[in-house]
Each structure stands twice: as C-alpha cells, then as structure tokens.
>>> print(open('coords-v4.csv').read())   # CSV, C-alpha atoms
chain,number,residue,atom,x,y,z
A,27,MET,CA,-6.4,8.3,4.4
A,28,LEU,CA,-3.0,6.9,3.6
A,29,ILE,CA,-2.0,7.0,-0.1
A,30,ILE,CA,1.1,4.9,-0.9
A,31,GLY,CA,2.5,5.8,-4.3
A,32,GLU,CA,3.2,2.6,-6.3
A,33,LEU,CA,5.2,3.9,-9.3
A,34,ILE,CA,8.8,3.3,-8.2
A,35,ASN,CA,8.7,-0.4,-8.9
A,36,THR,CA,11.1,-2.2,-11.3
A,37,SER,CA,8.3,-4.4,-12.6
A,38,ARG,CA,7.5,-1.2,-14.6
A,39,LYS,CA,9.6,-1.0,-17.7
A,40,ALA,CA,10.5,2.7,-17.4
A,41,ILE,CA,11.7,2.3,-13.8
A,42,LYS,CA,13.6,-0.8,-14.6
A,43,GLU,CA,15.5,1.0,-17.4
A,44,ALA,CA,16.1,4.0,-15.2
A,45,VAL,CA,17.6,1.7,-12.5
A,46,LYS,CA,19.8,-0.1,-15.0
A,47,MET,CA,21.1,3.3,-16.3
A,48,LYS,CA,21.3,4.7,-12.8
A,49,ASP,CA,19.1,7.6,-14.0
A,50,ALA,CA,18.6,9.3,-10.7
A,51,ASN,CA,16.9,12.3,-12.3
A,52,TYR,CA,14.0,10.1,-13.6
A,53,ILE,CA,13.5,8.3,-10.3
A,54,GLN,CA,13.5,11.6,-8.5
A,55,GLN,CA,11.0,13.1,-10.9
A,56,VAL,CA,8.6,10.1,-10.4
A,57,ALA,CA,9.0,10.5,-6.6
A,58,ARG,CA,8.2,14.3,-6.7
A,59,GLU,CA,5.2,13.8,-9.0
A,60,GLN,CA,3.7,11.2,-6.7
A,61,LEU,CA,4.2,13.4,-3.6
A,62,GLU,CA,2.8,16.5,-5.4
A,63,ALA,CA,-0.2,14.5,-6.5
A,64,GLY,CA,-1.2,13.5,-3.0
A,65,ALA,CA,0.9,10.5,-2.0
A,66,ASN,CA,1.7,10.2,1.8
A,67,TYR,CA,4.2,7.4,1.3
A,68,ILE,CA,6.5,6.5,-1.6
A,69,ASP,CA,6.7,2.7,-2.1
A,70,VAL,CA,10.1,1.5,-3.2
A,71,ASN,CA,10.2,-1.9,-4.9
A,72,CYS,CA,13.0,-3.5,-6.9
A,73,GLY,CA,12.0,-7.1,-6.4
A,74,THR,CA,12.6,-8.0,-10.0
A,75,MET,CA,16.3,-7.3,-9.6
A,76,VAL,CA,17.1,-10.5,-7.8
A,77,ASN,CA,20.8,-10.6,-8.5
A,78,ASN,CA,21.7,-7.3,-6.7
A,79,GLU,CA,18.4,-6.3,-5.0
A,80,ILE,CA,20.1,-5.1,-1.8
A,81,GLU,CA,22.4,-2.8,-3.7
A,82,ILE,CA,19.6,-1.4,-5.8
A,83,MET,CA,17.3,-0.9,-2.8
A,84,GLU,CA,20.0,1.2,-1.1
A,85,TRP,CA,20.5,3.2,-4.2
A,86,LEU,CA,16.8,3.8,-4.7
A,87,VAL,CA,16.2,4.8,-1.1
A,88,ASP,CA,19.1,7.3,-1.2
A,89,THR,CA,18.0,8.6,-4.6
A,90,VAL,CA,14.4,9.2,-3.6
A,91,GLN,CA,15.3,10.9,-0.3
A,92,GLU,CA,17.6,13.3,-2.1
A,93,ALA,CA,14.5,14.6,-3.9
A,94,VAL,CA,11.6,14.3,-1.4
A,95,GLU,CA,11.3,14.4,2.4
A,96,ALA,CA,8.6,11.8,2.5
A,97,PRO,CA,8.3,8.5,4.4
A,98,LEU,CA,9.0,5.4,2.4
A,99,SER,CA,7.3,2.0,2.1
A,100,ILE,CA,10.0,-0.6,1.7
A,101,ASP,CA,8.6,-3.4,-0.5
A,102,SER,CA,10.4,-6.7,-1.1
A,103,PRO,CA,9.9,-10.5,-0.8
A,104,ASP,CA,13.4,-10.6,0.8
A,105,PRO,CA,13.7,-9.6,4.5
A,106,LYS,CA,17.3,-8.7,4.0
A,107,VAL,CA,16.4,-6.2,1.3
A,108,ILE,CA,13.7,-4.7,3.5
A,109,GLU,CA,16.2,-4.2,6.4
A,110,ALA,CA,18.7,-2.6,4.0
A,111,GLY,CA,16.0,-0.1,3.0
A,112,LEU,CA,14.8,0.5,6.5
A,113,ARG,CA,18.3,1.3,7.7
A,114,LEU,CA,18.5,4.2,5.3
A,115,VAL,CA,15.1,5.8,5.8
A,116,LYS,CA,15.5,9.4,7.1
A,117,TYR,CA,12.0,10.9,7.0
A,118,GLY,CA,9.0,10.0,9.1
A,119,GLN,CA,7.9,6.6,10.2
A,120,PRO,CA,8.8,3.9,7.6
A,121,MET,CA,6.5,1.2,6.4
A,122,ILE,CA,7.2,-2.5,5.7
A,123,ASN,CA,5.4,-4.0,2.7
A,124,SER,CA,4.7,-6.6,3.9
A,125,ILE,CA,4.2,-9.4,6.5
A,126,SER,CA,1.8,-12.4,6.3
A,127,ASP,CA,0.9,-15.2,8.6
A,128,GLU,CA,2.9,-17.6,6.5
A,129,LYS,CA,5.3,-19.1,9.1
A,130,GLU,CA,8.6,-18.3,7.3
A,131,ARG,CA,7.6,-14.8,6.2
A,132,PHE,CA,6.2,-13.9,9.6
A,133,GLU,CA,9.2,-15.1,11.6
A,134,SER,CA,11.6,-13.2,9.3
A,135,ILE,CA,9.7,-9.9,9.2
A,136,LEU,CA,8.6,-9.7,12.8
A,137,PRO,CA,12.0,-8.7,14.2
A,138,LEU,CA,12.1,-5.8,11.7
A,139,ALA,CA,8.7,-4.7,12.9
A,140,VAL,CA,9.9,-4.6,16.5
A,141,LYS,CA,13.3,-3.1,15.7
A,142,TYR,CA,12.3,-0.2,13.4
A,143,ASN,CA,8.8,0.6,14.7
A,144,PRO,CA,7.3,0.9,11.2
A,145,LYS,CA,3.8,0.9,9.9
A,146,ILE,CA,3.3,-2.6,8.5
A,147,VAL,CA,1.1,-4.0,5.8
A,148,ALA,CA,-0.3,-7.3,7.1
A,149,LEU,CA,-1.5,-9.6,4.3
A,150,CYS,CA,-4.5,-11.8,5.2
A,151,MET,CA,-2.8,-14.9,4.0
A,152,ASP,CA,-1.2,-17.9,5.8
A,153,ASP,CA,0.3,-21.2,4.8
A,154,THR,CA,-3.0,-22.6,3.6
A,155,GLY,CA,-2.8,-20.1,0.7
A,156,MET,CA,-5.0,-17.3,-0.6
A,157,PRO,CA,-8.2,-16.8,1.4
A,158,GLU,CA,-11.5,-17.5,-0.2
A,159,THR,CA,-14.1,-15.7,2.0
A,160,GLY,CA,-14.4,-12.9,4.4
A,161,GLU,CA,-14.4,-15.4,7.2
A,162,ASP,CA,-11.1,-16.8,6.0
A,163,ARG,CA,-9.5,-13.4,6.0
A,164,LEU,CA,-10.9,-12.6,9.5
A,165,ARG,CA,-9.4,-15.9,10.8
A,166,VAL,CA,-5.9,-14.9,9.4
A,167,ALA,CA,-6.3,-11.3,10.7
A,168,LYS,CA,-7.1,-12.6,14.2
A,169,SER,CA,-3.9,-14.7,14.2
A,170,LEU,CA,-1.8,-11.9,12.8
A,171,TYR,CA,-3.3,-9.3,15.2
A,172,GLN,CA,-2.6,-11.5,18.3
A,173,LYS,CA,1.0,-12.3,17.3
A,174,LEU,CA,1.8,-8.7,16.3
A,175,THR,CA,0.3,-7.0,19.3
A,176,GLU,CA,1.9,-9.6,21.7
A,177,ALA,CA,5.3,-8.6,20.2
A,178,GLY,CA,4.5,-5.0,20.9
A,179,VAL,CA,3.3,-3.7,17.6
A,180,PRO,CA,0.6,-1.1,18.3
A,181,ASP,CA,-2.8,-1.3,16.6
A,182,GLU,CA,-2.3,2.0,14.8
A,183,ASN,CA,0.8,0.5,13.0
A,184,ILE,CA,-1.1,-2.4,11.5
A,185,TYR,CA,-2.5,-2.1,8.0
A,186,PHE,CA,-4.5,-5.2,7.1
A,187,ASP,CA,-4.5,-6.0,3.4
A,188,PRO,CA,-7.6,-8.2,2.6
A,189,LEU,CA,-5.9,-9.3,-0.7
A,190,VAL,CA,-8.0,-8.1,-3.7
A,191,LYS,CA,-8.6,-10.7,-6.4
A,192,PRO,CA,-9.8,-10.0,-10.0
A,193,ILE,CA,-13.6,-10.2,-10.4
A,194,SER,CA,-12.9,-11.5,-13.9
A,195,ALA,CA,-11.7,-14.7,-12.3
A,196,VAL,CA,-13.6,-14.8,-9.0
A,197,GLU,CA,-17.1,-13.5,-9.3
A,198,LYS,CA,-17.5,-12.7,-5.6
A,199,ALA,CA,-14.0,-11.2,-5.2
A,200,GLY,CA,-15.3,-7.7,-4.7
A,201,ILE,CA,-17.9,-8.5,-2.1
A,202,GLU,CA,-15.4,-10.8,-0.3
A,203,VAL,CA,-13.1,-7.8,0.3
A,204,LEU,CA,-16.0,-5.6,1.5
A,205,GLU,CA,-17.1,-8.2,3.9
A,206,SER,CA,-13.5,-8.7,5.1
A,207,ILE,CA,-13.1,-5.0,5.9
A,208,LYS,CA,-16.4,-5.0,7.8
A,209,PHE,CA,-15.5,-8.1,9.9
A,210,ILE,CA,-12.0,-7.0,10.8
A,211,LYS,CA,-13.1,-3.4,11.6
A,212,LEU,CA,-15.7,-4.7,14.0
A,213,SER,CA,-13.2,-6.9,15.8
A,214,TYR,CA,-10.3,-4.5,15.8
A,215,PRO,CA,-11.6,-0.9,15.4
A,216,LYS,CA,-8.2,0.8,15.9
A,217,VAL,CA,-6.3,-1.0,13.1
A,218,HIS,CA,-6.0,0.3,9.5
A,219,PHE,CA,-6.4,-1.1,6.0
A,220,THR,CA,-4.7,-0.9,2.7
A,221,CYS,CA,-4.7,-2.8,-0.6
A,222,GLY,CA,-3.5,-3.0,-4.1
A,223,LEU,CA,-6.9,-1.9,-5.4
A,224,SER,CA,-6.3,-2.3,-9.2
A,225,ASN,CA,-6.2,-6.1,-8.9
A,226,VAL,CA,-10.0,-6.0,-8.8
A,227,SER,CA,-10.3,-5.0,-12.5
A,228,TYR,CA,-7.5,-7.2,-14.0
A,229,GLY,CA,-8.4,-8.6,-17.4
A,230,LEU,CA,-11.4,-6.4,-17.9
A,231,PRO,CA,-12.1,-3.3,-20.1
A,232,ASN,CA,-12.6,0.1,-18.6
A,233,ARG,CA,-10.4,-0.8,-15.7
A,234,LYS,CA,-10.2,2.8,-14.3
A,235,ILE,CA,-14.0,3.0,-13.9
A,236,LEU,CA,-14.1,-0.2,-12.0
A,237,ASN,CA,-11.2,0.9,-9.8
A,238,ARG,CA,-12.7,4.2,-9.0
A,239,LEU,CA,-16.1,2.7,-8.0
A,240,PHE,CA,-14.4,0.0,-5.9
A,241,VAL,CA,-12.5,2.8,-4.0
A,242,VAL,CA,-15.8,4.4,-3.1
A,243,GLN,CA,-17.2,1.0,-2.0
A,244,THR,CA,-14.2,0.0,0.1
A,245,MET,CA,-14.0,3.5,1.7
A,246,THR,CA,-17.6,3.1,2.8
A,247,MET,CA,-16.7,-0.1,4.6
A,248,GLY,CA,-13.7,1.5,6.4
A,249,MET,CA,-10.7,1.1,4.0
A,250,ASP,CA,-8.4,4.0,4.9
A,251,GLY,CA,-5.3,3.3,2.8
A,252,TYR,CA,-4.4,2.4,-0.8
A,253,ILE,CA,-1.4,1.4,-2.8
A,254,LEU,CA,-2.0,3.1,-6.1
A,255,ASN,CA,-0.9,5.6,-8.8
A,256,PRO,CA,-1.6,9.0,-7.2
A,257,THR,CA,-1.0,10.9,-10.5
A,258,ASP,CA,-4.3,9.4,-11.7
A,259,LYS,CA,-6.5,12.5,-11.2
A,260,GLU,CA,-9.8,10.7,-11.6
A,261,MET,CA,-8.9,8.2,-8.9
A,262,MET,CA,-7.7,10.9,-6.5
A,263,GLY,CA,-10.7,12.9,-7.2
A,264,ALA,CA,-12.9,10.0,-6.3
A,265,ILE,CA,-11.1,9.5,-3.0
A,266,TYR,CA,-11.5,13.1,-2.0
A,267,ALA,CA,-15.2,13.2,-3.0
A,268,SER,CA,-15.8,10.0,-1.1
A,269,GLN,CA,-14.1,11.4,2.0
A,270,ALA,CA,-16.3,14.4,1.9
A,271,LEU,CA,-19.5,12.4,1.5
A,272,LEU,CA,-18.5,10.1,4.3
A,273,GLY,CA,-18.0,13.0,6.7
A,274,LEU,CA,-14.2,12.5,6.8
A,275,ASP,CA,-13.2,15.8,5.3
A,276,SER,CA,-13.7,18.8,7.7
A,277,TYR,CA,-15.6,21.5,5.9
A,278,CYS,CA,-14.9,19.7,2.6
A,279,MET,CA,-11.4,21.3,2.6
A,280,ASN,CA,-9.7,18.5,0.7
A,281,TYR,CA,-12.5,18.3,-1.8
A,282,LEU,CA,-12.3,22.0,-2.4
A,283,LYS,CA,-8.5,21.8,-2.8
A,284,ALA,CA,-9.0,19.0,-5.3
A,285,HIS,CA,-11.5,21.1,-7.2
A,286,ARG,CA,-9.1,24.0,-7.4
A,287,LYS,CA,-6.4,21.7,-8.6
A,288,GLY,CA,-8.6,20.7,-11.5
A,289,LEU,CA,-9.2,17.1,-10.5
A,290,TYR,CA,-12.9,17.3,-11.6
A,291,GLU,CA,-12.4,19.0,-14.9
A,292,ALA,CA,-13.9,17.0,-17.9
>>> encode(input="coords-v4.csv", output="structure tokens")
Amino acid sequence: MLIIGELINTSRKAIKEAVKMKDANYIQQVAREQLEAGANYIDVNCGTMVNNEIEIMEWLVDTVQEAVEAPLSIDSPDPKVIEAGLRLVKYGQPMINSISDEKERFESILPLAVKYNPKIVALCMDDTGMPETGEDRLRVAKSLYQKLTEAGVPDENIYFDPLVKPISAVEKAGIEVLESIKFIKLSYPKVHFTCGLSNVSYGLPNRKILNRLFVVQTMTMGMDGYILNPTDKEMMGAIYASQALLGLDSYCMNYLKAHRKGLYEA
C-alpha cells in the first residue's frame, strides 16, 4: 500500500499563505505530521503559483527535505516544474504526478520518466477527454502501458489512476472505477494503482463516510495506492483494517499498530 500525503498543495489556503510568507516551519510541520501519520510519499504541488512556480517548487522541495527523509511526489501541470523538483529530490525513488495519454503531456513527461527512473502516476485519459466507462479506461491504459514499457519504464513503476468522478454528478462513477481496476489488473497484473479518492464524494454530505467505504471497495478490487490526507485517522484506520481482512497484513501487525495508536477509538 502506497499512501501519498496530499496536504502540501498551494490550492489549500494555509499552504498558500505559508508559501507567500516563506514560513518553512509550517511547511515542515505539515510534512512531519503526514509522515508520522503513515504517508509513504509526500506530494508537493504549487500549481496555483503560476508566475514563479519553478522557484516555489525548488523552495518547497528543499524545505520539506530539511524536515523529513521521505520520497517526494512532484506534482505539476508544467513539465519544467516537475523536472525542477526531480533534480532536487534526495531521498528514495521520486514520483511524477502525472502523465497521461494526451499527446502533448505524454511527449513532455516521458523523457523525465526515462531520465529520473521515478514511479509515475498514469492518468487514464487521452485527447478524447475524460473516460466514461471501464472499457474506455482500459483502452487508454493499454496505450499508456505499451508506450511506457517500450520506453523502458518497468511495470512496477507505473501507477494507473482510473480518474475518480463524483457520484453526485455521474451515477455510475463509483462502479466505473471498480470495473476499471479489475480490467487493468487482469491485463497487467504487475502494475499498481493510485487515485485522488475524495473526488467520489464531492458535493455530497457525510463525505468522509463515503470516502472510507470507497477505500474498502477499491482495495478489494486491487487498488494499492491513494493520494489522501493521512492525518485522517478514520481513513487510515479503514485502510489498515481492509488490508487485514484482505490477507495483506502479515499477522495483522499493521492493524494492531493502528489499534495501539488509537485509530479505532470512538
């Protein structure tokens, strides 16, 4: 299971203010809290700072790495910003968030995937737009898989993102994702998966309940990575419990650790 901590993102008001004020202490506190809560990667995203995004990405990467020795997920719509972040990563194997099968995006990100040997989030989207069905996602995944592996990217570095839509807008959005995971897993058993899970509950009340239940459902189908807030104890508790029930937690060690940390206290 790969947990990518999503909180260092300038779309969040507190992070944006900290970046503007160059408040390194706050950024580092958020990085430490995510790592201590169970994150395996720290996502770094300053995509809203379009006027000086490269400079801010470099500052954020250096700032985070002064506080934690954790691998980073470098997240930006701009390939130049992604490379600026990748150049500075010190710890572990970095991650690129993300590539897609859109021609321009693919051609600009692929050289970075070859040069830096990162894990890479592969969005199941191409120039025709957002996929509608599991079959659509599998079609894009097949194209991405062929191109990535032909370029030398190993299966274990590929993390397919089936693109979660809100069920408030698309009634079958949840089942579409479950079917997508199943289809892709059957075709490419060695690849991995990740997603921005909270999109599924957008616009609805009791979002945390929907998110936690969807984690369990997607894990059952083979999802093995999430971009989420790891300081959400109930969410992390659901993940550890689901791993234990699926036989993915030897002697229930992670579940017992979660229990001792108080993740299941009322």
>>> closest_residue(input="coords-v4.csv", among="A:Lys168, A:Ala264, A:Ala270, A:Ser227", to="Ala199 (chain A)", atoms="only C-alpha atoms")
A:Ser227
>>> closest_residue(input="coords-v4.csv", among="A:Asp275, A:Met27, A:Trp85, A:Pro180", to="Val241 (chain A)", atoms="only C-alpha atoms")
A:Met27
>>> closest_residue(input="coords-v4.csv", among="A:Ile135, A:Leu236, A:Met121, A:Leu230", to="Lys106 (chain A)", atoms="all atoms listed in the file")
A:Ile135
>>> closest_residue(input="coords-v4.csv", among="A:Gly160, A:Pro144, A:Gly64, A:Pro256", to="Val115 (chain A)", atoms="all atoms listed in the file")
A:Pro144
>>> residues_around(input="coords-v4.csv", residues="Glu182 (chain A)", least_positions_apart="3", cutoff="7 Å", atoms="all atoms listed in the file", output="ChimeraX atom specification")
/A:216-218
>>> closest_residue(input="coords-v4.csv", among="A:Asp181, A:Asp152, A:Asp127, A:Glu81", to="Lys48 (chain A)", atoms="all atoms listed in the file")
A:Glu81
>>> atom_distance(input="coords-v4.csv", atom1="CA of Ala93 (chain A)", atom2="CA of Arg58 (chain A)")
6.9 Å
>>> residues_near_point(input="coords-v4.csv", point="(-7.0, -7.4, -11.0)", cutoff="8 Å", atoms="all atoms listed in the file", output="list in words")
Val190, Lys191, Pro192, Ile193, Ser194, Leu223, Ser224, Asn225, Val226, Ser227, Tyr228 and Gly229 of chain A
>>> atom_distance(input="coords-v4.csv", atom1="CA of Ala65 (chain A)", atom2="CA of Ile125 (chain A)")
21.9 Å
>>> closest_residue(input="coords-v4.csv", among="A:Leu98, A:Leu204, A:Val90, A:Leu136", to="Gly178 (chain A)", atoms="all atoms listed in the file")
A:Leu136
>>> atom_distance(input="coords-v4.csv", atom1="CA of Leu254 (chain A)", atom2="CA of Ala177 (chain A)")
29.7 Å
